[in-house]
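Peer 1: Here's a structure for you.
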Amino acid sequence: METDSQSEKDNRKRKGYVKIDWGRQGGVIIGYLAIVFGYFGIIANTMMIDESGLWISFFDMDRTILFWTFETYISTSLNPIIFLFILIILLMLIILFSLKEWHSSLILSILILVLIIFILDIYWTLIYLPVSITTGTFIFSFKIQGLALGLLFLVCFGLTYKEDIPLYGIKASIWLVPLIIAEAFIFYTIMFGFSIEPYILQFGSGEGYFNMLILILTVLAGSLSGMELNRSRRKEKKLILRLNLTKSF
């Protein structure tokens with residue numbers, strides 16, 4: 001029986017059957033699908049609606065948002081330069097605390113929470129919370145476009161947090177950057193036809209390269225923080241196991 005099963009496996013390999021390990025590749029596929037349908041889906045469902053709540057034609061949309069997506073999640077309550085400066089600082093701090101062994105899991109968790117609050121514009125709700133309590137009027141702030149960047153961060157975080165070998169998750173996360181850029185070109189071609197404009201917007205402008213910088217920093221921050229928190233969780237489990245073994249003796 002063992003010989004037969006081994007021969008079946010060899011026959012499948014020769015015939016070119018592809019075996020998917022859903023424990024690993026399944027998570028990557030789900031993460032990629034979430035970005036493919038979710039990243040631009042969130043932006044489209046917010047930026048292609050006018051003030052009356054009606055859908056506008058894609059011919060009337062701002063075509064630059066396909067390649068300069070960072071412009072869609074800038075808070076209207078802050079100066080764009082200040083917002084992007086704070087965003088970059090937060091992403092770089094997350095990367096730094098993910099790479100350095102500073103017993104930084106708590107600090108890293110706080111930085112991730114601050115980043116999510118910041119890109120979703122929720123911090124204004126917290127700032128005005130005392131006013132809401134005293135006046136009885138709840139002031140709520142939420143930037144739904146920030147969910148696109150938040151989704152990218154969380155997918156990259158999940159790809160490495162669940163991995164036994166974080167390098168696989170980091171590699172899978174990095175490929176999301178060219179995937180998003182390629183998707184922008186595909187959407188532009190479908191909606192407006194072939195043109196040189198996408199290449200100018202992406203590779204012939206400072207905004208295009210700045211958008212790539214934001215995407216790369218987000219991917220690195222998400223994947224590296226997932227790796228570090230996973231490593232910290234494993235260390236805690238080993239420490240608890242050792243303590244339990246010591247107590248048993």
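In the structure tokens, each chain is lettered A, B, ... as it comes, each chain's residues begin at 1, and ligands are numbered from 1 in order of appearance.
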Considering only C-alpha atoms, return as a JSON list (two decimals) with C-alpha atoms, in the first residue's frame whatever protein or nucleic-acid residues lie within 9 Å of Ile42 in chain A, sequence-local ones (same chain, fewer than 5 positions apart) excluded.
Peer 2:
```
[["chain", "number", "residue", "atom", "x", "y", "z"],
["A", 37, "PHE", "CA", -10.75, 44.00, -4.47],
["A", 47, "MET", "CA", -14.11, 59.19, -4.27],
["A", 144, "ILE", "CA", -13.24, 55.98, 5.47],
["A", 145, "GLN", "CA", -10.61, 56.38, 2.74],
["A", 146, "GLY", "CA", -7.99, 55.60, 5.38],
["A", 147, "LEU", "CA", -9.33, 52.05, 5.43],
["A", 148, "ALA", "CA", -7.43, 51.42, 2.17]]
```
Peer 1: So, with only C-alpha atoms as the atoms that count, which of A:Asn230, A:Gly27, A:Ser225, A:Leu239 lies closest to Lys100 in chain A?
Peer 2: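 Smallest separation from Lys100 in chain A among the options: A:Ser225.
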Peer 1: If you run DSSP on the backbone, which residues of range 85-236 of chain A are helix (DSSP H, G or I), as a ChimeraX atom specification?
Peer 2: /A:85-99,105-119,123-127,129-135,146-161,166-174,176-192,197-203,206-236
Peer 1: I'd like to know which of A:Gly41, A:Phe67, A:Ile89, A:Leu215 is closest to Leu176 in chain A, using only C-alpha atoms.
Peer 2: A:Leu215
Peer 1: Give the answer as one residue: which of A:Ile29, A:Leu78, A:Ile94, A:Leu66 has the shortest atom-to-atom distance to Ile186 in chain A, using only C-alpha atoms?
Peer 2: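 Nearest candidate to Ile186 in chain A out of A:Ile29, A:Leu78, A:Ile94, A:Leu66: A:Leu66.
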Peer 1: Could you tell me which of A:Leu229, A:Leu159, A:Ile43, A:Ile214 comes closest to Ser104 in chain A if we count only C-alpha atoms?
Peer 2: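 Smallest separation from Ser104 in chain A among the options: A:Leu229.
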